Amino acid sequence: MGALFIRDARLGLRAGGGALVGILFFLAVIAVVPFGVGPDLKLLARIGSAMLWIGALLATLLGLDRLFQADREDGSLDLLIMASERHMLALTILVKCIAHWTVSVLPLVVAAPLLGLFMNMEPAAIVATTLTLLVGTPAITLIGAVGAAVAVSLPRGGLLVSVIVLPLTIPVLIFGVSASYGAIEDPAPFLAPFLILSAITLFFAVLGPWAAAAALKSSAD
């Protein structure tokens, strides 16, 4: 599993720029916001957490179609499916999701504080948003693994992956933004939506690999 993690991490770094493409897209989304809403610093600070979450969500969706694509192109995906029972295949998919998140999504979380300053956010809001992104973005990757497994056999499945995954990530977005706002808005709670966000990630850490393994088995048949 360690060798699989290292292999997928290297493939993620080589395939289309991986983390660099995601960060540039994340930066582009945040950079155009002031041009759309105007130079109102209070307004930018108020919507900053939501924009960081939306930008991270869209940037994460960019690379999900590559989660199994390289394995399918070189034939290793068929070998993994044939050599593994479903529970072992689910564990393999979980490791691949962790590698993908580490290479493609973790840099977005690291870049979030700098972009939060760009949005004139308060320090507490930046810390809270970064923490929610750290906890919530793995759920997006795990959900995306199911969509990538469904669309892996299609020649142009990238758009289909986004269409499948985006509606399922709405709860993650809602509770992530709610927890971020709860850190700076006095009546709004932080802990409750943050714990729900953590529970969503843990839920998909169990369900996502199993569902993706079933989808890959079905596509192989």
# chains A, B, ... in the order shown; residues from 1 in each chain; ligands from 1
$ residues_around --residues "range 23-28 of chain A" --least-positions-apart "3" --cutoff "12 Å" --atoms "only C-alpha atoms" --output "ChimeraX atom specification"
/A:17-20,31-35,51-63,103-116,118-119
$ closest_atom_pairs --of "range 171-220 of chain A" --to "range 126-140 of chain A" --cutoff "7 Å" --atoms "only C-alpha atoms" --output "JSON lines"
{"residue": "A:Val172", "atom": "CA", "partner": "A:Gly136", "partner_atom": "CA", "distance": 6.4}
{"residue": "A:Gly176", "atom": "CA", "partner": "A:Thr132", "partner_atom": "CA", "distance": 5.6}
{"residue": "A:Ser180", "atom": "CA", "partner": "A:Thr129", "partner_atom": "CA", "distance": 5.0}
{"residue": "A:Ala183", "atom": "CA", "partner": "A:Ala128", "partner_atom": "CA", "distance": 6.3}
{"residue": "A:Phe194", "atom": "CA", "partner": "A:Thr132", "partner_atom": "CA", "distance": 6.9}
{"residue": "A:Leu197", "atom": "CA", "partner": "A:Gly136", "partner_atom": "CA", "distance": 6.1}
{"residue": "A:Ser198", "atom": "CA", "partner": "A:Val135", "partner_atom": "CA", "distance": 6.1}
{"residue": "A:Ile200", "atom": "CA", "partner": "A:Ala139", "partner_atom": "CA", "distance": 6.9}
{"residue": "A:Thr201", "atom": "CA", "partner": "A:Ala139", "partner_atom": "CA", "distance": 4.5}
{"residue": "A:Phe204", "atom": "CA", "partner": "A:Ala139", "partner_atom": "CA", "distance": 6.0}
$ write_last_selection --atoms "N, CA, C and O atoms" --output "PDB file, in the first residue's frame"
ATOM      1  N   VAL A 172     -21.294  18.892   2.020  1.00  0.00           N
ATOM      2  CA  VAL A 172     -19.938  19.243   2.457  1.00  0.00           C
ATOM      3  C   VAL A 172     -19.738  20.751   2.374  1.00  0.00           C
ATOM      4  O   VAL A 172     -19.201  21.380   3.297  1.00  0.00           O
ATOM      5  N   GLY A 176     -19.238  23.114   5.621  1.00  0.00           N
ATOM      6  CA  GLY A 176     -17.932  23.754   5.641  1.00  0.00           C
ATOM      7  C   GLY A 176     -18.042  25.264   5.760  1.00  0.00           C
ATOM      8  O   GLY A 176     -17.354  25.895   6.571  1.00  0.00           O
ATOM      9  N   SER A 180     -17.193  27.803   9.004  1.00  0.00           N
ATOM     10  CA  SER A 180     -16.294  28.946   8.813  1.00  0.00           C
ATOM     11  C   SER A 180     -16.928  30.231   9.300  1.00  0.00           C
ATOM     12  O   SER A 180     -16.281  31.050   9.963  1.00  0.00           O
ATOM     13  N   ALA A 183     -17.147  30.734  13.194  1.00  0.00           N
ATOM     14  CA  ALA A 183     -15.959  31.165  13.939  1.00  0.00           C
ATOM     15  C   ALA A 183     -15.923  32.669  14.158  1.00  0.00           C
ATOM     16  O   ALA A 183     -15.234  33.146  15.054  1.00  0.00           O
ATOM     17  N   PHE A 194     -18.908  21.840  12.281  1.00  0.00           N
ATOM     18  CA  PHE A 194     -17.585  21.259  12.076  1.00  0.00           C
ATOM     19  C   PHE A 194     -17.596  19.765  12.378  1.00  0.00           C
ATOM     20  O   PHE A 194     -16.991  18.960  11.646  1.00  0.00           O
ATOM     21  N   LEU A 197     -19.377  18.039   9.582  1.00  0.00           N
ATOM     22  CA  LEU A 197     -18.467  17.958   8.441  1.00  0.00           C
ATOM     23  C   LEU A 197     -17.471  16.815   8.626  1.00  0.00           C
ATOM     24  O   LEU A 197     -17.197  16.054   7.679  1.00  0.00           O
ATOM     25  N   SER A 198     -16.939  16.670   9.820  1.00  0.00           N
ATOM     26  CA  SER A 198     -16.014  15.572  10.105  1.00  0.00           C
ATOM     27  C   SER A 198     -16.714  14.220   9.951  1.00  0.00           C
ATOM     28  O   SER A 198     -16.129  13.263   9.423  1.00  0.00           O
ATOM     29  N   ILE A 200     -19.267  13.558   8.011  1.00  0.00           N
ATOM     30  CA  ILE A 200     -19.483  13.314   6.577  1.00  0.00           C
ATOM     31  C   ILE A 200     -18.218  12.724   5.945  1.00  0.00           C
ATOM     32  O   ILE A 200     -18.280  11.777   5.153  1.00  0.00           O
ATOM     33  N   THR A 201     -17.066  13.287   6.300  1.00  0.00           N
ATOM     34  CA  THR A 201     -15.806  12.771   5.763  1.00  0.00           C
ATOM     35  C   THR A 201     -15.570  11.336   6.198  1.00  0.00           C
ATOM     36  O   THR A 201     -15.173  10.477   5.389  1.00  0.00           O
ATOM     37  N   PHE A 204     -17.961   8.958   4.243  1.00  0.00           N
ATOM     38  CA  PHE A 204     -17.546   8.674   2.871  1.00  0.00           C
ATOM     39  C   PHE A 204     -16.207   7.953   2.817  1.00  0.00           C
ATOM     40  O   PHE A 204     -15.897   7.317   1.806  1.00  0.00           O
TER      41      PHE A 204
END
$ residues_around --residues "Ala45 in chain A" --least-positions-apart "5" --cutoff "9 Å" --atoms "only C-alpha atoms" --output "PDB file with all heavy atoms, in the first residue's frame"
ATOM      1  N   ASP A  40     -15.488  46.487  -2.503  1.00  0.00           N
ATOM      2  CA  ASP A  40     -16.017  46.651  -1.153  1.00  0.00           C
ATOM      3  C   ASP A  40     -15.320  45.650  -0.228  1.00  0.00           C
ATOM      4  O   ASP A  40     -15.599  44.454  -0.272  1.00  0.00           O
ATOM      5  CB  ASP A  40     -17.525  46.418  -1.161  1.00  0.00           C
ATOM      6  CG  ASP A  40     -18.169  46.782   0.178  1.00  0.00           C
ATOM      7  OD1 ASP A  40     -17.446  46.863   1.184  1.00  0.00           O
ATOM      8  OD2 ASP A  40     -19.393  46.980   0.208  1.00  0.00           O
ATOM      9  N   GLY A 116      -7.045  33.954   1.592  1.00  0.00           N
ATOM     10  CA  GLY A 116      -7.923  34.593   2.570  1.00  0.00           C
ATOM     11  C   GLY A 116      -7.506  36.027   2.856  1.00  0.00           C
ATOM     12  O   GLY A 116      -8.354  36.913   3.015  1.00  0.00           O
ATOM     13  N   MET A 119      -8.763  38.205   0.223  1.00  0.00           N
ATOM     14  CA  MET A 119     -10.184  38.504   0.367  1.00  0.00           C
ATOM     15  C   MET A 119     -10.482  39.376   1.588  1.00  0.00           C
ATOM     16  O   MET A 119     -11.656  39.571   1.939  1.00  0.00           O
ATOM     17  CB  MET A 119     -10.975  37.201   0.476  1.00  0.00           C
ATOM     18  CG  MET A 119     -10.940  36.330  -0.771  1.00  0.00           C
ATOM     19  SD  MET A 119     -11.787  37.075  -2.178  1.00  0.00           S
ATOM     20  CE  MET A 119     -13.471  37.015  -1.614  1.00  0.00           C
ATOM     21  N   ASN A 120      -9.435  39.889   2.247  1.00  0.00           N
ATOM     22  CA  ASN A 120      -9.594  40.773   3.407  1.00  0.00           C
ATOM     23  C   ASN A 120     -10.328  40.086   4.566  1.00  0.00           C
ATOM     24  O   ASN A 120     -11.091  40.712   5.299  1.00  0.00           O
ATOM     25  CB  ASN A 120     -10.351  42.053   3.014  1.00  0.00           C
ATOM     26  CG  ASN A 120     -10.231  43.147   4.066  1.00  0.00           C
ATOM     27  OD1 ASN A 120      -9.158  43.374   4.622  1.00  0.00           O
ATOM     28  ND2 ASN A 120     -11.330  43.819   4.366  1.00  0.00           N
ATOM     29  N   MET A 121     -10.084  38.784   4.749  1.00  0.00           N
ATOM     30  CA  MET A 121     -10.742  38.043   5.820  1.00  0.00           C
ATOM     31  C   MET A 121     -10.020  38.253   7.147  1.00  0.00           C
ATOM     32  O   MET A 121      -8.824  38.489   7.182  1.00  0.00           O
ATOM     33  CB  MET A 121     -10.785  36.551   5.471  1.00  0.00           C
ATOM     34  CG  MET A 121     -11.655  36.222   4.277  1.00  0.00           C
ATOM     35  SD  MET A 121     -11.430  34.515   3.702  1.00  0.00           S
ATOM     36  CE  MET A 121     -11.864  33.587   5.185  1.00  0.00           C
ATOM     37  N   GLU A 122     -10.769  38.136   8.233  1.00  0.00           N
ATOM     38  CA  GLU A 122     -10.187  38.225   9.563  1.00  0.00           C
ATOM     39  C   GLU A 122      -9.330  36.986   9.840  1.00  0.00           C
ATOM     40  O   GLU A 122      -9.577  35.913   9.284  1.00  0.00           O
ATOM     41  CB  GLU A 122     -11.299  38.331  10.615  1.00  0.00           C
ATOM     42  CG  GLU A 122     -12.175  39.566  10.473  1.00  0.00           C
ATOM     43  CD  GLU A 122     -13.261  39.597  11.523  1.00  0.00           C
ATOM     44  OE1 GLU A 122     -13.203  38.765  12.457  1.00  0.00           O
ATOM     45  OE2 GLU A 122     -14.170  40.432  11.407  1.00  0.00           O
ATOM     46  N   ALA A 125     -11.313  33.946  10.799  1.00  0.00           N
ATOM     47  CA  ALA A 125     -12.028  33.367   9.668  1.00  0.00           C
ATOM     48  C   ALA A 125     -11.083  32.580   8.767  1.00  0.00           C
ATOM     49  O   ALA A 125     -11.450  31.513   8.239  1.00  0.00           O
ATOM     50  CB  ALA A 125     -12.726  34.466   8.865  1.00  0.00           C
TER      51      ALA A 125
END
$ residues_around --residues "Ala213 in chain A" --least-positions-apart "5" --cutoff "8 Å" --atoms "only C-alpha atoms" --output "compact mmCIF listing (two decimals) with N, CA and C atoms, in the first residue's frame"
# COMPACT_ATOMS: atom_id res chain seq x y z
N ARG A 86 -13.32 -7.72 -3.46
CA ARG A 86 -13.91 -6.39 -3.38
C ARG A 86 -13.42 -5.61 -2.17
N LEU A 89 -9.98 -4.38 -2.93
CA LEU A 89 -10.05 -3.33 -3.94
C LEU A 89 -10.49 -2.01 -3.31
N ALA A 90 -11.41 -2.08 -2.35
CA ALA A 90 -11.84 -0.88 -1.64
C ALA A 90 -10.68 -0.25 -0.88
N ILE A 93 -8.47 1.49 -3.37
CA ILE A 93 -9.07 2.76 -3.79
C ILE A 93 -8.90 3.82 -2.71
N ALA A 149 -15.00 6.24 -10.89
CA ALA A 149 -15.13 4.81 -11.17
C ALA A 149 -16.27 4.54 -12.15
$ closest_residue --among "A:Ile143, A:Leu80, A:Val21, A:Ala50" --to "Leu202 in chain A" --atoms "only C-alpha atoms"
A:Ile143
$ closest_residue --among "A:Leu191, A:Leu43, A:Leu142, A:Ala9" --to "Ser178 in chain A" --atoms "only C-alpha atoms"
A:Leu191
$ atom_distance --atom1 "CA of Leu166 in chain A" --atom2 "CA of Ala148 in chain A"
12.3 Å
$ residues_around --residues "Gly147 in chain A" --least-positions-apart "2" --cutoff "10 Å" --atoms "only C-alpha atoms" --output "JSON, numbers by chain"
{"A": [64, 65, 67, 141, 142, 143, 144, 145, 149, 150, 151, 152, 157, 158, 160, 161, 162, 163, 164, 165, 166, 208, 211, 212, 215]}
$ atom_distance --atom1 "CA of Ala214 in chain A" --atom2 "CA of Phe175 in chain A"
28.2 Å
$ atom_distance --atom1 "CA of Pro209 in chain A" --atom2 "CA of Ala192 in chain A"
26.3 Å
$ closest_residue --among "A:Ala199, A:Val37, A:Val206, A:Ile184" --to "Pro123 in chain A" --atoms "only C-alpha atoms"
A:Ile184
$ closest_residue --among "A:Leu207, A:Leu159, A:Met82, A:Ile196" --to "Val177 in chain A" --atoms "only C-alpha atoms"
A:Ile196
$ select_by_dssp --residues "range 112-214 of chain A" --states "helix (DSSP H, G or I)" --output "PyMOL selection string"
chain A and resi 112-118+123-151+158-168+170-182+191-214
$ decode --residues "range 169-184 of chain A" --atoms "all heavy atoms" --output "PDB file, in the first residue's frame"
ATOM      1  N   THR A 169     -21.721  16.774  -3.299  1.00  0.00           N
ATOM      2  CA  THR A 169     -20.810  17.551  -2.443  1.00  0.00           C
ATOM      3  C   THR A 169     -21.491  18.758  -1.799  1.00  0.00           C
ATOM      4  O   THR A 169     -20.845  19.462  -1.010  1.00  0.00           O
ATOM      5  CB  THR A 169     -19.599  18.044  -3.264  1.00  0.00           C
ATOM      6  OG1 THR A 169     -20.054  18.857  -4.349  1.00  0.00           O
ATOM      7  CG2 THR A 169     -18.804  16.869  -3.802  1.00  0.00           C
ATOM      8  N   ILE A 170     -22.759  18.989  -2.104  1.00  0.00           N
ATOM      9  CA  ILE A 170     -23.454  20.155  -1.536  1.00  0.00           C
ATOM     10  C   ILE A 170     -23.473  20.127  -0.005  1.00  0.00           C
ATOM     11  O   ILE A 170     -23.227  21.157   0.635  1.00  0.00           O
ATOM     12  CB  ILE A 170     -24.882  20.257  -2.106  1.00  0.00           C
ATOM     13  CG1 ILE A 170     -24.837  20.496  -3.632  1.00  0.00           C
ATOM     14  CG2 ILE A 170     -25.657  21.396  -1.431  1.00  0.00           C
ATOM     15  CD1 ILE A 170     -24.081  21.739  -4.037  1.00  0.00           C
ATOM     16  N   PRO A 171     -23.777  18.984   0.654  1.00  0.00           N
ATOM     17  CA  PRO A 171     -23.714  18.995   2.128  1.00  0.00           C
ATOM     18  C   PRO A 171     -22.343  19.350   2.673  1.00  0.00           C
ATOM     19  O   PRO A 171     -22.238  20.049   3.694  1.00  0.00           O
ATOM     20  CB  PRO A 171     -24.111  17.554   2.493  1.00  0.00           C
ATOM     21  CG  PRO A 171     -24.902  17.059   1.337  1.00  0.00           C
ATOM     22  CD  PRO A 171     -24.284  17.703   0.130  1.00  0.00           C
ATOM     23  N   VAL A 172     -21.294  18.892   2.020  1.00  0.00           N
ATOM     24  CA  VAL A 172     -19.938  19.243   2.457  1.00  0.00           C
ATOM     25  C   VAL A 172     -19.738  20.751   2.374  1.00  0.00           C
ATOM     26  O   VAL A 172     -19.201  21.380   3.297  1.00  0.00           O
ATOM     27  CB  VAL A 172     -18.886  18.511   1.597  1.00  0.00           C
ATOM     28  CG1 VAL A 172     -17.474  18.862   2.062  1.00  0.00           C
ATOM     29  CG2 VAL A 172     -19.099  17.008   1.647  1.00  0.00           C
ATOM     30  N   LEU A 173     -20.177  21.338   1.265  1.00  0.00           N
ATOM     31  CA  LEU A 173     -20.048  22.788   1.085  1.00  0.00           C
ATOM     32  C   LEU A 173     -20.859  23.549   2.136  1.00  0.00           C
ATOM     33  O   LEU A 173     -20.369  24.523   2.721  1.00  0.00           O
ATOM     34  CB  LEU A 173     -20.515  23.163  -0.326  1.00  0.00           C
ATOM     35  CG  LEU A 173     -20.459  24.642  -0.704  1.00  0.00           C
ATOM     36  CD1 LEU A 173     -19.019  25.133  -0.734  1.00  0.00           C
ATOM     37  CD2 LEU A 173     -21.113  24.864  -2.068  1.00  0.00           C
ATOM     38  N   ILE A 174     -22.080  23.099   2.402  1.00  0.00           N
ATOM     39  CA  ILE A 174     -22.959  23.794   3.351  1.00  0.00           C
ATOM     40  C   ILE A 174     -22.344  23.808   4.746  1.00  0.00           C
ATOM     41  O   ILE A 174     -22.239  24.864   5.389  1.00  0.00           O
ATOM     42  CB  ILE A 174     -24.350  23.138   3.372  1.00  0.00           C
ATOM     43  CG1 ILE A 174     -25.087  23.399   2.055  1.00  0.00           C
ATOM     44  CG2 ILE A 174     -25.171  23.654   4.552  1.00  0.00           C
ATOM     45  CD1 ILE A 174     -26.399  22.660   1.925  1.00  0.00           C
ATOM     46  N   PHE A 175     -21.940  22.650   5.237  1.00  0.00           N
ATOM     47  CA  PHE A 175     -21.429  22.583   6.605  1.00  0.00           C
ATOM     48  C   PHE A 175     -20.024  23.178   6.707  1.00  0.00           C
ATOM     49  O   PHE A 175     -19.651  23.714   7.757  1.00  0.00           O
ATOM     50  CB  PHE A 175     -21.439  21.139   7.104  1.00  0.00           C
ATOM     51  CG  PHE A 175     -22.822  20.622   7.382  1.00  0.00           C
ATOM     52  CD1 PHE A 175     -23.410  19.694   6.532  1.00  0.00           C
ATOM     53  CD2 PHE A 175     -23.541  21.084   8.468  1.00  0.00           C
ATOM     54  CE1 PHE A 175     -24.688  19.218   6.776  1.00  0.00           C
ATOM     55  CE2 PHE A 175     -24.829  20.626   8.714  1.00  0.00           C
ATOM     56  CZ  PHE A 175     -25.398  19.694   7.868  1.00  0.00           C
ATOM     57  N   GLY A 176     -19.238  23.114   5.621  1.00  0.00           N
ATOM     58  CA  GLY A 176     -17.932  23.754   5.641  1.00  0.00           C
ATOM     59  C   GLY A 176     -18.042  25.264   5.760  1.00  0.00           C
ATOM     60  O   GLY A 176     -17.354  25.895   6.571  1.00  0.00           O
ATOM     61  N   VAL A 177     -18.925  25.857   4.962  1.00  0.00           N
ATOM     62  CA  VAL A 177     -19.123  27.309   5.019  1.00  0.00           C
ATOM     63  C   VAL A 177     -19.773  27.709   6.338  1.00  0.00           C
ATOM     64  O   VAL A 177     -19.409  28.731   6.936  1.00  0.00           O
ATOM     65  CB  VAL A 177     -19.970  27.775   3.817  1.00  0.00           C
ATOM     66  CG1 VAL A 177     -20.290  29.261   3.933  1.00  0.00           C
ATOM     67  CG2 VAL A 177     -19.227  27.503   2.513  1.00  0.00           C
ATOM     68  N   SER A 178     -20.733  26.912   6.816  1.00  0.00           N
ATOM     69  CA  SER A 178     -21.402  27.229   8.089  1.00  0.00           C
ATOM     70  C   SER A 178     -20.411  27.247   9.240  1.00  0.00           C
ATOM     71  O   SER A 178     -20.454  28.145  10.096  1.00  0.00           O
ATOM     72  CB  SER A 178     -22.505  26.210   8.362  1.00  0.00           C
ATOM     73  OG  SER A 178     -23.502  26.249   7.366  1.00  0.00           O
ATOM     74  N   ALA A 179     -19.511  26.265   9.275  1.00  0.00           N
ATOM     75  CA  ALA A 179     -18.509  26.241  10.343  1.00  0.00           C
ATOM     76  C   ALA A 179     -17.551  27.425  10.230  1.00  0.00           C
ATOM     77  O   ALA A 179     -17.147  28.006  11.244  1.00  0.00           O
ATOM     78  CB  ALA A 179     -17.733  24.923  10.294  1.00  0.00           C
ATOM     79  N   SER A 180     -17.193  27.803   9.004  1.00  0.00           N
ATOM     80  CA  SER A 180     -16.294  28.946   8.813  1.00  0.00           C
ATOM     81  C   SER A 180     -16.928  30.231   9.300  1.00  0.00           C
ATOM     82  O   SER A 180     -16.281  31.050   9.963  1.00  0.00           O
ATOM     83  CB  SER A 180     -15.934  29.067   7.329  1.00  0.00           C
ATOM     84  OG  SER A 180     -15.295  27.903   6.865  1.00  0.00           O
ATOM     85  N   TYR A 181     -18.211  30.418   8.989  1.00  0.00           N
ATOM     86  CA  TYR A 181     -18.908  31.611   9.460  1.00  0.00           C
ATOM     87  C   TYR A 181     -19.126  31.576  10.971  1.00  0.00           C
ATOM     88  O   TYR A 181     -19.144  32.615  11.637  1.00  0.00           O
ATOM     89  CB  TYR A 181     -20.250  31.760   8.754  1.00  0.00           C
ATOM     90  CG  TYR A 181     -20.139  32.312   7.352  1.00  0.00           C
ATOM     91  CD1 TYR A 181     -20.903  31.793   6.307  1.00  0.00           C
ATOM     92  CD2 TYR A 181     -19.281  33.358   7.071  1.00  0.00           C
ATOM     93  CE1 TYR A 181     -20.796  32.301   5.015  1.00  0.00           C
ATOM     94  CE2 TYR A 181     -19.165  33.874   5.794  1.00  0.00           C
ATOM     95  CZ  TYR A 181     -19.925  33.344   4.769  1.00  0.00           C
ATOM     96  OH  TYR A 181     -19.807  33.843   3.509  1.00  0.00           O
ATOM     97  N   GLY A 182     -19.299  30.364  11.515  1.00  0.00           N
ATOM     98  CA  GLY A 182     -19.514  30.253  12.952  1.00  0.00           C
ATOM     99  C   GLY A 182     -18.335  30.706  13.788  1.00  0.00           C
ATOM    100  O   GLY A 182     -18.495  31.043  14.959  1.00  0.00           O
ATOM    101  N   ALA A 183     -17.147  30.734  13.194  1.00  0.00           N
ATOM    102  CA  ALA A 183     -15.959  31.165  13.939  1.00  0.00           C
ATOM    103  C   ALA A 183     -15.923  32.669  14.158  1.00  0.00           C
ATOM    104  O   ALA A 183     -15.234  33.146  15.054  1.00  0.00           O
ATOM    105  CB  ALA A 183     -14.693  30.710  13.215  1.00  0.00           C
ATOM    106  N   ILE A 184     -16.651  33.418  13.312  1.00  0.00           N
ATOM    107  CA  ILE A 184     -16.599  34.881  13.430  1.00  0.00           C
ATOM    108  C   ILE A 184     -17.968  35.492  13.733  1.00  0.00           C
ATOM    109  O   ILE A 184     -18.035  36.603  14.258  1.00  0.00           O
ATOM    110  CB  ILE A 184     -16.046  35.512  12.133  1.00  0.00           C
ATOM    111  CG1 ILE A 184     -16.836  35.042  10.909  1.00  0.00           C
ATOM    112  CG2 ILE A 184     -14.578  35.186  11.965  1.00  0.00           C
ATOM    113  CD1 ILE A 184     -16.441  35.726   9.617  1.00  0.00           C
TER     114      ILE A 184
END
